[in-house]
file target.cif (mmCIF, C-alpha atoms)
data_query
loop_
_atom_site.label_atom_id
_atom_site.label_comp_id
_atom_site.auth_asym_id
_atom_site.auth_seq_id
_atom_site.Cartn_x
_atom_site.Cartn_y
_atom_site.Cartn_z
CA MET A 1 6.25 -17.57 31.17
CA LYS A 2 3.46 -19.31 32.98
CA GLU A 3 0.64 -20.57 30.77
CA LEU A 4 -2.98 -20.94 31.77
CA ASN A 5 -5.17 -23.12 29.57
CA CYS A 6 -8.83 -22.23 29.96
CA LEU A 7 -9.96 -23.47 26.53
CA GLY A 8 -13.45 -24.92 26.75
CA MET A 9 -14.21 -23.16 30.02
CA ARG A 10 -17.27 -20.93 30.30
CA CYS A 11 -17.21 -17.45 31.83
CA PRO A 12 -16.59 -16.53 34.61
CA LEU A 13 -14.20 -19.51 35.03
CA PRO A 14 -11.40 -18.15 32.79
CA ILE A 15 -11.49 -14.87 34.74
CA ILE A 16 -11.51 -16.66 38.12
CA GLU A 17 -8.55 -18.82 36.99
CA THR A 18 -6.71 -15.73 35.73
CA ALA A 19 -7.19 -14.00 39.08
CA LYS A 20 -5.83 -17.10 40.87
CA GLY A 21 -2.89 -17.27 38.46
CA VAL A 22 -2.04 -13.61 38.97
CA ARG A 23 -1.99 -14.10 42.75
CA ASN A 24 0.95 -16.46 42.32
CA ILE A 25 3.19 -14.18 40.26
CA THR A 26 5.02 -10.99 41.18
CA ALA A 27 4.27 -7.47 39.91
CA GLY A 28 5.48 -7.00 36.33
CA GLN A 29 5.32 -10.71 35.49
CA SER A 30 2.90 -12.03 32.88
CA ILE A 31 0.75 -15.08 32.21
CA ARG A 32 -0.15 -16.40 28.77
CA LEU A 33 -3.86 -17.20 28.88
CA LEU A 34 -5.68 -19.39 26.37
CA ALA A 35 -9.46 -19.03 26.50
CA ASP A 36 -12.20 -19.33 23.89
CA ASP A 37 -15.36 -18.34 25.72
CA PRO A 38 -16.93 -15.49 23.68
CA ALA A 39 -17.11 -13.26 26.76
CA THR A 40 -13.43 -13.64 27.68
CA GLU A 41 -11.99 -10.57 25.97
CA ILE A 42 -14.71 -8.18 27.20
CA ASP A 43 -14.61 -9.61 30.71
CA LEU A 44 -10.80 -9.67 30.91
CA ARG A 45 -10.74 -5.97 30.03
CA ALA A 46 -13.38 -5.24 32.68
CA TRP A 47 -11.39 -7.35 35.18
CA ALA A 48 -8.20 -5.41 34.33
CA ARG A 49 -10.01 -2.10 34.81
CA MET A 50 -11.36 -3.21 38.20
CA THR A 51 -8.18 -4.80 39.54
CA GLY A 52 -5.56 -2.52 37.98
CA ASN A 53 -3.79 -5.29 36.02
CA TYR A 54 -3.06 -5.27 32.28
CA VAL A 55 -4.48 -7.38 29.47
CA GLU A 56 -3.37 -7.60 25.87
CA VAL A 57 -4.81 -9.69 23.04
CA VAL A 58 -1.86 -11.47 21.41
CA GLY A 59 -3.60 -13.97 19.14
CA VAL A 60 -6.81 -15.83 18.49
CA ASN A 61 -8.10 -16.92 21.91
CA GLU A 62 -4.71 -15.89 23.34
CA PHE A 63 -4.13 -13.16 25.91
CA LEU A 64 -1.17 -11.74 27.82
CA VAL A 65 -2.06 -10.84 31.39
CA THR A 66 0.44 -8.72 33.32
CA LYS A 67 0.33 -8.14 37.03
CA ALA A 68 0.70 -4.45 37.71
CA LYS A 69 0.43 -4.25 41.45
CA VAL A 70 0.82 -6.34 44.57
CA ASP A 71 -2.60 -7.39 45.81
CA MET B 1 -38.48 -12.83 54.16
CA VAL B 2 -41.54 -11.94 52.09
CA HIS B 3 -41.54 -13.87 48.85
CA ILE B 4 -42.50 -11.69 45.92
CA THR B 5 -41.72 -13.63 42.78
CA GLY B 6 -42.44 -11.58 39.70
CA ASN B 7 -42.00 -8.12 41.15
CA PHE B 8 -38.56 -7.62 39.70
CA LEU B 9 -39.01 -9.53 36.48
CA ALA B 10 -37.97 -7.57 33.40
CA GLU B 11 -41.41 -8.23 31.94
CA SER B 12 -43.92 -6.36 34.02
CA PRO B 13 -47.02 -8.07 35.38
CA LEU B 14 -50.35 -7.07 33.85
CA SER B 15 -51.96 -4.05 35.50
CA PRO B 16 -54.78 -5.08 37.91
CA LYS B 17 -57.41 -2.92 36.16
CA ALA B 18 -56.44 -4.29 32.75
CA ARG B 19 -56.81 -7.83 34.11
CA GLU B 20 -60.28 -6.92 35.40
CA VAL B 21 -61.55 -5.56 32.07
CA LEU B 22 -59.96 -8.32 29.98
CA GLY B 23 -62.76 -10.79 30.77
CA ASP B 24 -65.48 -8.26 29.89
CA ALA B 25 -63.59 -7.23 26.78
CA ILE B 26 -63.47 -10.84 25.59
CA ASP B 27 -67.27 -11.04 26.07
CA GLN B 28 -68.00 -7.72 24.33
CA GLY B 29 -65.24 -7.42 21.77
CA TRP B 30 -65.17 -10.81 20.10
CA SER B 31 -66.63 -9.64 16.80
CA GLU B 32 -64.82 -8.28 13.75
CA PRO B 33 -65.06 -4.45 13.88
CA GLY B 34 -65.24 -4.28 10.07
CA LYS B 35 -68.50 -6.25 9.81
CA LEU B 36 -71.93 -4.63 9.51
CA ALA B 37 -73.72 -6.82 12.07
CA HIS B 38 -74.68 -5.33 15.43
CA SER B 39 -71.86 -7.19 17.18
CA GLY B 40 -69.44 -5.70 14.63
CA ALA B 41 -70.71 -2.18 15.31
CA ARG B 42 -70.26 -2.69 19.05
CA ALA B 43 -66.74 -3.96 18.47
CA ARG B 44 -66.06 -0.92 16.25
CA ILE B 45 -67.15 1.46 19.03
CA LEU B 46 -64.97 -0.36 21.55
CA ARG B 47 -62.01 -0.24 19.17
CA ASP B 48 -62.44 3.47 18.46
CA GLU B 49 -62.70 4.24 22.18
CA ALA B 50 -59.55 2.24 22.90
CA LEU B 51 -57.68 3.96 20.05
CA THR B 52 -58.72 7.45 21.18
CA SER B 53 -57.73 6.68 24.77
CA ILE B 54 -54.32 5.23 23.83
CA ALA B 55 -53.58 8.10 21.44
CA SER B 56 -54.52 10.85 23.89
CA ASN B 57 -52.49 9.26 26.69
CA LEU B 58 -49.47 9.12 24.37
CA GLY B 59 -49.96 12.74 23.29
CA LEU B 60 -50.98 11.71 19.76
CA ARG B 61 -54.02 11.88 17.48
CA SER B 62 -55.88 8.61 16.91
CA GLU B 63 -55.34 8.92 13.11
CA GLU B 64 -51.61 8.82 13.80
CA ILE B 65 -51.57 5.42 15.47
CA GLU B 66 -51.79 1.83 14.33
CA VAL B 67 -52.22 -1.08 16.72
CA LEU B 68 -50.10 -4.15 16.01
CA GLY B 69 -50.79 -7.69 17.17
CA GLU B 70 -47.14 -8.67 16.79
CA PRO B 71 -45.01 -6.28 18.87
CA SER B 72 -41.60 -7.44 17.64
CA LEU B 73 -42.71 -6.62 14.07
CA GLY B 74 -43.27 -3.03 15.22
CA HIS B 75 -39.58 -2.22 14.83
CA PHE B 76 -39.75 -3.39 11.24
CA PHE B 77 -42.88 -1.34 10.49
CA SER B 78 -41.42 1.73 12.13
CA ILE B 79 -38.03 1.58 10.38
CA ALA B 80 -38.65 -0.21 7.07
CA GLY B 81 -41.74 1.93 6.46
CA LEU B 82 -39.47 4.98 6.22
CA LEU B 83 -36.55 3.26 4.50
CA ARG B 84 -36.09 3.57 0.71
CA PRO B 85 -33.76 1.18 -1.17
CA THR B 86 -31.01 3.80 -1.65
CA ASP B 87 -31.20 5.07 1.95
CA THR B 88 -28.62 4.53 4.65
CA LEU B 89 -29.94 3.03 7.88
CA VAL B 90 -28.12 4.45 10.88
CA HIS B 91 -28.48 2.75 14.26
CA SER B 92 -26.49 2.34 17.48
CA ASN B 93 -24.50 -0.69 18.60
CA VAL B 94 -26.76 -1.18 21.62
CA ASP B 95 -29.92 -1.42 19.54
CA ARG B 96 -32.34 -4.32 19.67
CA LYS B 97 -31.63 -7.46 17.68
CA GLU B 98 -34.67 -6.72 15.48
CA VAL B 99 -32.91 -3.53 14.32
CA PHE B 100 -29.65 -5.37 13.54
CA ALA B 101 -31.72 -7.84 11.50
CA ILE B 102 -33.29 -5.02 9.46
CA ALA B 103 -29.83 -3.47 8.91
CA ARG B 104 -28.41 -6.80 7.73
CA ASN B 105 -31.14 -7.08 5.13
CA HIS B 106 -30.62 -3.56 3.83
CA ASP B 107 -27.91 -2.50 1.35
CA LYS B 108 -26.46 0.43 3.29
CA SER B 109 -26.30 0.61 7.05
CA GLU B 110 -24.04 2.37 9.55
CA GLU B 111 -23.56 1.56 13.21
CA VAL B 112 -22.82 4.40 15.63
CA PRO B 113 -21.06 3.36 18.85
CA VAL B 114 -22.09 4.32 22.37
CA GLU B 115 -19.65 5.58 24.97
CA THR B 116 -19.12 3.73 28.24
CA SER B 117 -22.05 5.76 29.60
CA GLY B 118 -24.32 3.92 27.14
CA ARG B 119 -25.07 7.15 25.27
CA ILE B 120 -24.29 7.79 21.62
CA LYS B 121 -21.66 10.49 21.22
CA VAL B 122 -23.73 13.08 19.36
CA ALA B 123 -20.83 14.15 17.12
CA THR B 124 -20.46 10.62 15.68
CA LEU B 125 -23.83 11.06 14.00
CA LYS B 126 -22.55 14.04 12.01
CA LYS B 127 -20.80 12.11 9.25
CA HIS B 128 -23.97 10.13 8.53
CA SER B 129 -26.46 12.96 8.78
CA GLN B 130 -25.57 14.44 5.36
CA ASN B 131 -26.87 11.27 3.70
CA GLU B 132 -30.45 10.52 2.82
CA GLY B 133 -31.60 7.87 5.20
CA VAL B 134 -33.22 6.79 8.42
CA PHE B 135 -31.89 7.03 11.95
CA ALA B 136 -33.27 4.26 14.16
CA LEU B 137 -33.22 6.06 17.49
CA GLN B 138 -33.61 3.81 20.51
CA VAL B 139 -34.81 6.40 22.99
CA ALA B 140 -33.96 4.27 26.04
CA ASN B 141 -32.26 0.91 26.32
CA GLY B 142 -34.35 -1.86 27.87
CA GLU B 143 -31.36 -3.67 29.31
CA THR B 144 -29.59 -0.84 31.09
CA GLY B 145 -32.31 1.82 31.21
CA VAL B 146 -29.92 4.41 29.71
CA ILE B 147 -31.79 7.25 27.99
CA GLN B 148 -30.16 8.85 24.96
CA ASP B 149 -29.60 12.60 24.65
CA VAL B 150 -32.64 12.58 22.40
CA GLU B 151 -32.99 16.26 21.44
CA ALA B 152 -29.26 16.65 20.72
CA LEU B 153 -29.34 13.55 18.48
CA VAL B 154 -32.49 14.72 16.71
CA ASN B 155 -30.83 18.08 15.97
CA GLU B 156 -27.68 16.39 14.70
CA ALA B 157 -29.62 13.90 12.55
CA ARG B 158 -30.56 16.70 10.08
CA ASN B 159 -31.44 14.95 6.77
CA LEU B 160 -32.16 11.61 8.38
CA ARG B 161 -35.75 10.59 8.94
CA LEU B 162 -36.36 9.45 12.51
CA ALA B 163 -37.76 6.08 13.54
CA CYS B 164 -37.95 6.33 17.34
CA ASP B 165 -38.08 3.21 19.51
CA PHE B 166 -40.09 3.89 22.66
CA SER B 167 -40.66 0.20 23.40
CA SER B 168 -38.72 0.43 26.68
CA ALA B 169 -39.07 4.15 27.41
CA GLY B 170 -42.86 4.08 27.07
CA THR B 171 -44.36 7.33 28.31
CA ARG B 172 -41.35 8.05 30.54
CA VAL B 173 -39.53 9.99 27.84
CA PRO B 174 -41.37 12.69 25.85
CA LEU B 175 -41.64 12.51 22.07
CA PRO B 176 -38.85 14.57 20.50
CA SER B 177 -39.41 17.88 18.69
CA ARG B 178 -39.02 16.03 15.35
CA TRP B 179 -39.89 12.41 14.56
CA ASP B 180 -41.34 10.46 11.62
CA SER B 181 -42.37 7.19 13.22
CA ALA B 182 -42.43 6.04 16.83
CA TYR B 183 -43.00 2.63 18.27
CA PHE B 184 -44.41 1.69 21.68
CA ASP B 185 -45.00 -1.65 23.40
CA ALA B 186 -47.95 -1.94 25.81
CA LYS B 187 -45.69 -3.96 28.15
CA SER B 188 -43.90 -0.71 29.05
CA TRP B 189 -47.03 0.53 30.86
CA GLN B 190 -47.92 -2.84 32.39
CA GLY B 191 -50.31 -3.58 29.55
CA PRO B 192 -50.80 -7.06 28.08
CA GLN B 193 -48.19 -8.86 26.04
CA GLY B 194 -48.91 -8.85 22.31
CA ILE B 195 -49.89 -5.21 21.68
CA GLY B 196 -47.61 -2.74 19.91
CA ILE B 197 -48.48 0.84 19.02
CA LEU B 198 -46.98 2.33 15.88
CA ALA B 199 -47.24 6.11 15.54
CA ILE B 200 -46.73 7.68 12.14
CA ARG B 201 -46.16 11.43 12.07
CA ASN B 202 -44.87 11.70 8.55
CA GLY B 203 -47.53 9.94 6.49
CA ALA B 204 -45.95 11.13 3.24
CA ALA B 205 -42.61 9.42 3.94
CA TRP B 206 -43.95 6.23 5.53
CA LYS B 207 -45.19 3.32 3.39
CA ASN B 208 -46.46 -0.07 4.55
CA PRO B 209 -43.34 -2.24 4.05
CA LEU B 210 -45.30 -5.51 3.79
CA PRO B 211 -47.06 -6.74 0.64
CA HIS B 212 -50.58 -5.35 0.87
CA ILE B 213 -53.73 -4.59 -1.11
CA GLY B 214 -55.57 -1.30 -0.73
CA HIS B 215 -54.63 1.42 1.70
CA THR B 216 -54.07 -0.58 4.88
CA ARG B 217 -51.01 0.65 6.73
CA THR B 218 -50.66 -2.42 8.99
CA PRO B 219 -52.28 -5.90 9.05
CA GLN B 220 -55.01 -4.93 11.58
CA SER B 221 -54.47 -8.24 13.32
CA ALA B 222 -54.37 -6.99 16.91
CA SER B 223 -56.77 -8.67 19.32
CA LEU B 224 -59.50 -6.18 20.29
CA PRO B 225 -59.79 -7.42 23.91
CA LEU B 226 -56.02 -7.03 24.34
CA MET B 227 -56.18 -3.57 22.74
CA ILE B 228 -58.89 -2.55 25.26
CA ALA B 229 -56.80 -3.98 28.12
CA ALA B 230 -53.78 -2.02 26.81
CA ALA B 231 -55.84 1.20 26.80
CA VAL B 232 -57.07 0.60 30.38
CA ALA B 233 -53.56 -0.27 31.57
CA LEU B 234 -52.20 2.94 30.02
CA GLU B 235 -54.88 5.04 31.76
CA GLU B 236 -54.08 3.40 35.08
CA TRP B 237 -50.37 3.83 34.45
CA GLN B 238 -50.70 7.55 33.74
CA GLU B 239 -52.76 8.05 36.91
CA LYS B 240 -50.06 6.44 39.05
CA GLU B 241 -46.91 7.50 37.21
CA ASN B 242 -46.45 11.06 38.52
CA GLU B 243 -46.49 9.83 42.08
CA ALA B 244 -44.56 6.59 41.35
CA GLU B 245 -41.70 7.97 39.26
CA PRO B 246 -39.80 9.81 42.04
CA ARG B 247 -40.34 6.87 44.40
CA LEU B 248 -38.93 4.35 41.92
CA ARG B 249 -36.02 6.67 41.16
CA SER B 250 -35.16 6.90 44.86
CA PHE B 251 -35.39 3.07 45.14
CA SER B 252 -33.00 2.69 42.19
CA GLU B 253 -30.65 5.25 43.73
CA GLU B 254 -30.69 3.36 47.03
CA LEU B 255 -30.09 0.07 45.21
CA ARG B 256 -27.10 1.45 43.30
CA ARG B 257 -25.66 3.27 46.32
CA GLU B 258 -25.94 0.29 48.66
CA ILE B 259 -24.54 -2.23 46.18
CA ALA B 260 -21.63 0.05 45.22
CA ALA B 261 -20.81 0.73 48.88
CA THR B 262 -20.98 -2.85 50.13
CA ILE B 263 -19.95 -5.14 47.26
CA GLU B 264 -16.56 -4.63 45.68
CA ASN B 265 -15.82 -5.24 42.01
CA CYS B 266 -19.29 -4.52 40.70
CA ASP B 267 -20.19 -2.70 37.47
CA ILE B 268 -23.35 -0.61 37.44
CA ALA B 269 -24.50 0.30 33.95
CA GLY B 270 -25.07 3.97 33.14
CA ASP B 271 -25.66 7.03 35.28
CA ILE B 272 -28.93 7.11 37.23
CA ASP B 273 -29.50 10.72 36.10
CA GLN B 274 -29.48 9.57 32.47
CA SER B 275 -31.54 6.42 33.02
CA LEU B 276 -35.12 5.26 33.30
CA PRO B 277 -36.13 5.26 36.97
CA HIS B 278 -37.02 1.58 37.16
CA ILE B 279 -34.19 -0.34 35.44
CA THR B 280 -30.82 -1.27 36.97
CA SER B 281 -28.14 -3.50 35.46
CA LEU B 282 -25.47 -4.87 37.81
CA SER B 283 -22.49 -7.16 37.05
CA PHE B 284 -20.44 -8.88 39.73
CA LEU B 285 -16.87 -10.01 39.08
CA TYR B 286 -16.16 -13.75 39.59
CA VAL B 287 -19.88 -14.60 39.84
CA GLU B 288 -21.82 -16.82 37.46
CA GLY B 289 -24.97 -15.06 36.25
CA GLU B 290 -27.10 -18.18 36.06
CA GLU B 291 -26.27 -19.24 39.61
CA LEU B 292 -26.93 -15.71 40.87
CA LEU B 293 -30.38 -15.78 39.20
CA ARG B 294 -31.09 -19.13 40.83
CA ARG B 295 -30.13 -17.87 44.30
CA LEU B 296 -32.30 -14.76 43.91
CA GLU B 297 -35.19 -16.85 42.62
CA LEU B 298 -34.96 -18.98 45.78
CA ALA B 299 -35.10 -15.78 47.83
CA GLY B 300 -38.31 -14.81 45.99
CA PHE B 301 -36.94 -12.42 43.36
CA SER B 302 -37.28 -13.04 39.65
CA VAL B 303 -34.69 -10.98 37.82
CA ASP B 304 -33.16 -11.25 34.37
CA SER B 305 -29.57 -11.56 33.14
CA GLY B 306 -27.46 -10.48 30.16
CA SER B 307 -24.69 -12.98 30.92
CA ALA B 308 -23.66 -15.45 28.22
CA CYS B 309 -24.45 -18.46 30.43
CA THR B 310 -28.11 -17.41 30.57
CA ALA B 311 -28.48 -16.66 26.83
CA GLU B 312 -29.81 -19.21 24.36
CA ASP B 313 -26.88 -18.63 21.98
CA LEU B 314 -24.36 -18.44 24.87
CA GLN B 315 -23.28 -15.01 23.67
CA PRO B 316 -22.78 -12.22 26.20
CA SER B 317 -25.01 -9.15 26.02
CA HIS B 318 -23.96 -6.91 23.12
CA VAL B 319 -25.19 -3.93 25.16
CA LEU B 320 -22.84 -4.63 28.09
CA ALA B 321 -20.00 -5.35 25.64
CA ALA B 322 -20.59 -2.05 23.82
CA MET B 323 -20.40 -0.20 27.14
CA GLU B 324 -17.19 -2.14 28.02
CA LEU B 325 -18.90 -3.51 31.13
CA LEU B 326 -18.39 -6.88 32.75
CA THR B 327 -20.78 -9.35 31.10
CA HIS B 328 -20.63 -12.23 33.56
CA GLY B 329 -22.44 -12.17 36.89
CA ASN B 330 -25.02 -9.80 35.41
CA ILE B 331 -28.54 -9.16 36.65
CA ARG B 332 -31.16 -6.77 35.32
CA ILE B 333 -33.66 -5.44 37.81
CA THR B 334 -36.96 -3.85 36.82
CA LEU B 335 -39.03 -2.09 39.46
CA HIS B 336 -42.79 -1.69 39.07
CA HIS B 337 -45.36 0.81 40.28
CA ASP B 338 -46.27 -1.41 43.22
CA THR B 339 -42.70 -2.26 44.32
CA THR B 340 -42.23 -1.29 47.96
CA SER B 341 -39.26 0.07 49.89
CA LEU B 342 -39.19 -3.11 52.00
CA GLN B 343 -38.96 -5.27 48.89
CA VAL B 344 -36.04 -3.21 47.57
CA ARG B 345 -34.19 -3.51 50.89
CA GLU B 346 -34.81 -7.26 50.91
CA LEU B 347 -33.57 -7.52 47.34
CA ILE B 348 -30.38 -5.65 48.28
CA SER B 349 -29.80 -8.07 51.20
CA ALA B 350 -30.47 -11.08 48.97
CA ILE B 351 -27.97 -9.84 46.35
CA LYS B 352 -25.29 -9.20 49.00
CA LEU B 353 -25.77 -12.65 50.50
CA ALA B 354 -25.80 -14.44 47.12
CA VAL B 355 -22.72 -12.62 45.77
CA THR B 356 -20.74 -13.20 48.99
CA ASP B 357 -21.69 -16.90 49.01
CA LEU B 358 -20.92 -17.47 45.34
CA ARG B 359 -17.56 -15.71 45.55
CA ALA B 360 -16.60 -17.82 48.55
CA SER B 361 -17.57 -21.13 46.94
#

call {"tool": "encode", "arguments": {"input": "target.cif", "output": "structure tokens"}}
result
Amino acid sequence: MKELNCLGMRCPLPIIETAKGVRNITAGQSIRLLADDPATEIDLRAWARMTGNYVEVVGVNEFLVTKAKVD
Amino acid sequence: MVHITGNFLAESPLSPKAREVLGDAIDQGWSEPGKLAHSGARARILRDEALTSIASNLGLRSEEIEVLGEPSLGHFFSIAGLLRPTDTLVHSNVDRKEVFAIARNHDKSEEVPVETSGRIKVATLKKHSQNEGVFALQVANGETGVIQDVEALVNEARNLRLACDFSSAGTRVPLPSRWDSAYFDAKSWQGPQGIGILAIRNGAAWKNPLPHIGHTRTPQSASLPLMIAAAVALEEWQEKENEAEPRLRSFSEELRREIAATIENCDIAGDIDQSLPHITSLSFLYVEGEELLRRLELAGFSVDSGSACTAEDLQPSHVLAAMELLTHGNIRITLHHDTTSLQVRELISAIKLAVTDLRAS
């Protein structure tokens, strides 16, 4: 699985990087995202709602982002 | 492009009439109203007139109100004055930081969540309303403009005493059918900074929460000239409000409609029909809030932001988080009585341009 390290990055950078990362995978594939900005979880969920993708919290500062549609 | 810095700032500019009287009030009202000297008597008359005017414009009796010289302490006076040591303090998760601070310093407190609309689900209050306690009811949120379903909450609150926060709603939301204390900030009617109005309906349940000697309910430290300016600003506000309210509401509707139709991936907080007419909170995906503020400032618009990058503690807005809204790329827009249609259209164009540019960079 592809990993995206956004530790130390401030929002909206982790979300922008996630969107870029998702563009390069196919529907159903996932990315493991590491990000510690305090807004990441809230903003990832909002991003998922807006773009139709899926987000799951899998650990501390660790998220699983799954592409749900072809954009 | 007409440059109109200040017109969309969250803090409203001082009303023109209040600015006019402020100089005179400083000349006339410098003395201590409690003193026997002639200057004291004149100050006392001015104070009483200001009190009567403020009270009547708020639909209250002058004996019911106290004027505070430290507005952020008003939340403490309003809530802690009603709160007994064994009480539960109930408040929402979109409340002001001052309320969270009071809750943290009290033994028993309960937080009720808001829905994505920004409104408290009335039924969630039920399990707390059997207890003896105080419900800190933020009538309208200053960040999103969302107005609570006040009467339904008041009915559900049953045993809870009600400390109502009108600091953002001002006169735009009526006092509920039942309340024990209510708190207003003169800024909400374009009055001067530094004047809070505490209204106490239930004098038997409310006690001055600060150490005090005698029967004083509050420190009486408000500046008389500012109090007079606040009274004049409120009178001017009430004169203009009936005609201004529908206009501002239509501006906010236009703003929301245009932004939603032309900029994709944007969160707009709350429903306009359940919001104050002059406040709009917008969040744009992939946009940095601080940079967006800077671009709008260059275009002549001072707005505010709830994004983490613009906060001192780098934490995102707890209000946006509670409503599950995007916290980055956020701007808060406040319209004022003198905001024009042209200014709103120019603001919309400036937002579109800035968001498009920032997303492309």

call {"tool": "closest_atom_pairs", "arguments": {"input": "target.cif", "of": "chain B", "to": "chain A", "cutoff": "7 Å", "atoms": "all atoms listed in the file", "output": "Markdown table"}}
result
| residue | atom | partner | partner_atom | distance |
| --- | --- | --- | --- | --- |
| B:Asn265 | CA | A:Met50 | CA | 6.2 |
| B:Tyr286 | CA | A:Ile16 | CA | 5.7 |
| B:Val287 | CA | A:Pro12 | CA | 6.5 |
| B:Glu288 | CA | A:Pro12 | CA | 6.0 |
| B:Gln315 | CA | A:Pro38 | CA | 6.4 |
| B:Pro316 | CA | A:Ala39 | CA | 5.8 |
| B:Ala321 | CA | A:Ile42 | CA | 6.2 |
| B:Glu324 | CA | A:Ile42 | CA | 6.6 |
| B:Leu325 | CA | A:Ala46 | CA | 6.0 |
| B:Leu326 | CA | A:Asp43 | CA | 5.1 |
| B:Thr327 | CA | A:Asp43 | CA | 6.2 |
| B:His328 | CA | A:Pro12 | CA | 6.0 |

call {"tool": "resolve_selection", "arguments": {"input": "target.cif", "expression": "the PyMOL selection byres ((chain B and resi 103-107) around 12)", "output": "JSON, numbers by chain"}}
result
{"B": [75, 76, 79, 80, 83, 84, 85, 86, 87, 88, 89, 90, 91, 92, 93, 95, 96, 97, 98, 99, 100, 101, 102, 108, 109, 110, 111, 133, 134, 135, 136]}

call {"tool": "resolve_selection", "arguments": {"input": "target.cif", "expression": "the PyMOL selection byres ((chain B and resi 128) around 9)", "output": "list in words"}}
result
Thr88, Val90, Glu110, Thr124, Leu125, Lys126, Lys127, Ser129, Gln130, Asn131, Glu132, Gly133, Ala157 and Leu160 of chain B

call {"tool": "atom_distance", "arguments": {"input": "target.cif", "atom1": "CA of Arg44 (chain B)", "atom2": "CA of Phe166 (chain B)"}}
result
27.2 Å

call {"tool": "resolve_selection", "arguments": {"input": "target.cif", "expression": "the PyMOL selection byres ((chain A and resi 58) around 12)", "output": "PDB file with C-alpha atoms, in the coordinates of the input"}}
result
ATOM      1  CA  ILE A  31       0.750 -15.080  32.210  1.00  0.00           C
ATOM      2  CA  ARG A  32      -0.150 -16.400  28.770  1.00  0.00           C
ATOM      3  CA  LEU A  33      -3.860 -17.200  28.880  1.00  0.00           C
ATOM      4  CA  LEU A  34      -5.680 -19.390  26.370  1.00  0.00           C
ATOM      5  CA  ALA A  35      -9.460 -19.030  26.500  1.00  0.00           C
ATOM      6  CA  GLU A  41     -11.990 -10.570  25.970  1.00  0.00           C
ATOM      7  CA  VAL A  55      -4.480  -7.380  29.470  1.00  0.00           C
ATOM      8  CA  GLU A  56      -3.370  -7.600  25.870  1.00  0.00           C
ATOM      9  CA  VAL A  57      -4.810  -9.690  23.040  1.00  0.00           C
ATOM     10  CA  GLY A  59      -3.600 -13.970  19.140  1.00  0.00           C
ATOM     11  CA  VAL A  60      -6.810 -15.830  18.490  1.00  0.00           C
ATOM     12  CA  ASN A  61      -8.100 -16.920  21.910  1.00  0.00           C
ATOM     13  CA  GLU A  62      -4.710 -15.890  23.340  1.00  0.00           C
ATOM     14  CA  PHE A  63      -4.130 -13.160  25.910  1.00  0.00           C
ATOM     15  CA  LEU A  64      -1.170 -11.740  27.820  1.00  0.00           C
ATOM     16  CA  VAL A  65      -2.060 -10.840  31.390  1.00  0.00           C
TER      17      VAL A  65
END

call {"tool": "atom_distance", "arguments": {"input": "target.cif", "atom1": "CA of Gly23 (chain B)", "atom2": "CA of Leu226 (chain B)"}}
result
10.0 Å

call {"tool": "residues_around", "arguments": {"input": "target.cif", "residues": "Trp179 (chain B)", "least_positions_apart": "4", "cutoff": "12 Å", "atoms": "all atoms listed in the file", "output": "PDB file with C-alpha atoms, keeping the file's coordinate frame"}}
result
ATOM      1  CA  SER B  78     -41.420   1.730  12.130  1.00  0.00           C
ATOM      2  CA  ILE B  79     -38.030   1.580  10.380  1.00  0.00           C
ATOM      3  CA  LEU B  82     -39.470   4.980   6.220  1.00  0.00           C
ATOM      4  CA  VAL B 134     -33.220   6.790   8.420  1.00  0.00           C
ATOM      5  CA  PHE B 135     -31.890   7.030  11.950  1.00  0.00           C
ATOM      6  CA  ALA B 136     -33.270   4.260  14.160  1.00  0.00           C
ATOM      7  CA  LEU B 137     -33.220   6.060  17.490  1.00  0.00           C
ATOM      8  CA  VAL B 139     -34.810   6.400  22.990  1.00  0.00           C
ATOM      9  CA  VAL B 150     -32.640  12.580  22.400  1.00  0.00           C
ATOM     10  CA  GLU B 151     -32.990  16.260  21.440  1.00  0.00           C
ATOM     11  CA  LEU B 153     -29.340  13.550  18.480  1.00  0.00           C
ATOM     12  CA  VAL B 154     -32.490  14.720  16.710  1.00  0.00           C
ATOM     13  CA  ASN B 155     -30.830  18.080  15.970  1.00  0.00           C
ATOM     14  CA  ALA B 157     -29.620  13.900  12.550  1.00  0.00           C
ATOM     15  CA  ARG B 158     -30.560  16.700  10.080  1.00  0.00           C
ATOM     16  CA  ASN B 159     -31.440  14.950   6.770  1.00  0.00           C
ATOM     17  CA  LEU B 160     -32.160  11.610   8.380  1.00  0.00           C
ATOM     18  CA  ARG B 161     -35.750  10.590   8.940  1.00  0.00           C
ATOM     19  CA  LEU B 162     -36.360   9.450  12.510  1.00  0.00           C
ATOM     20  CA  ALA B 163     -37.760   6.080  13.540  1.00  0.00           C
ATOM     21  CA  CYS B 164     -37.950   6.330  17.340  1.00  0.00           C
ATOM     22  CA  ASP B 165     -38.080   3.210  19.510  1.00  0.00           C
ATOM     23  CA  PHE B 166     -40.090   3.890  22.660  1.00  0.00           C
ATOM     24  CA  PRO B 174     -41.370  12.690  25.850  1.00  0.00           C
ATOM     25  CA  LEU B 175     -41.640  12.510  22.070  1.00  0.00           C
ATOM     26  CA  TYR B 183     -43.000   2.630  18.270  1.00  0.00           C
ATOM     27  CA  ALA B 199     -47.240   6.110  15.540  1.00  0.00           C
ATOM     28  CA  ILE B 200     -46.730   7.680  12.140  1.00  0.00           C
ATOM     29  CA  ARG B 201     -46.160  11.430  12.070  1.00  0.00           C
ATOM     30  CA  ASN B 202     -44.870  11.700   8.550  1.00  0.00           C
ATOM     31  CA  GLY B 203     -47.530   9.940   6.490  1.00  0.00           C
ATOM     32  CA  ALA B 205     -42.610   9.420   3.940  1.00  0.00           C
ATOM     33  CA  TRP B 206     -43.950   6.230   5.530  1.00  0.00           C
TER      34      TRP B 206
END
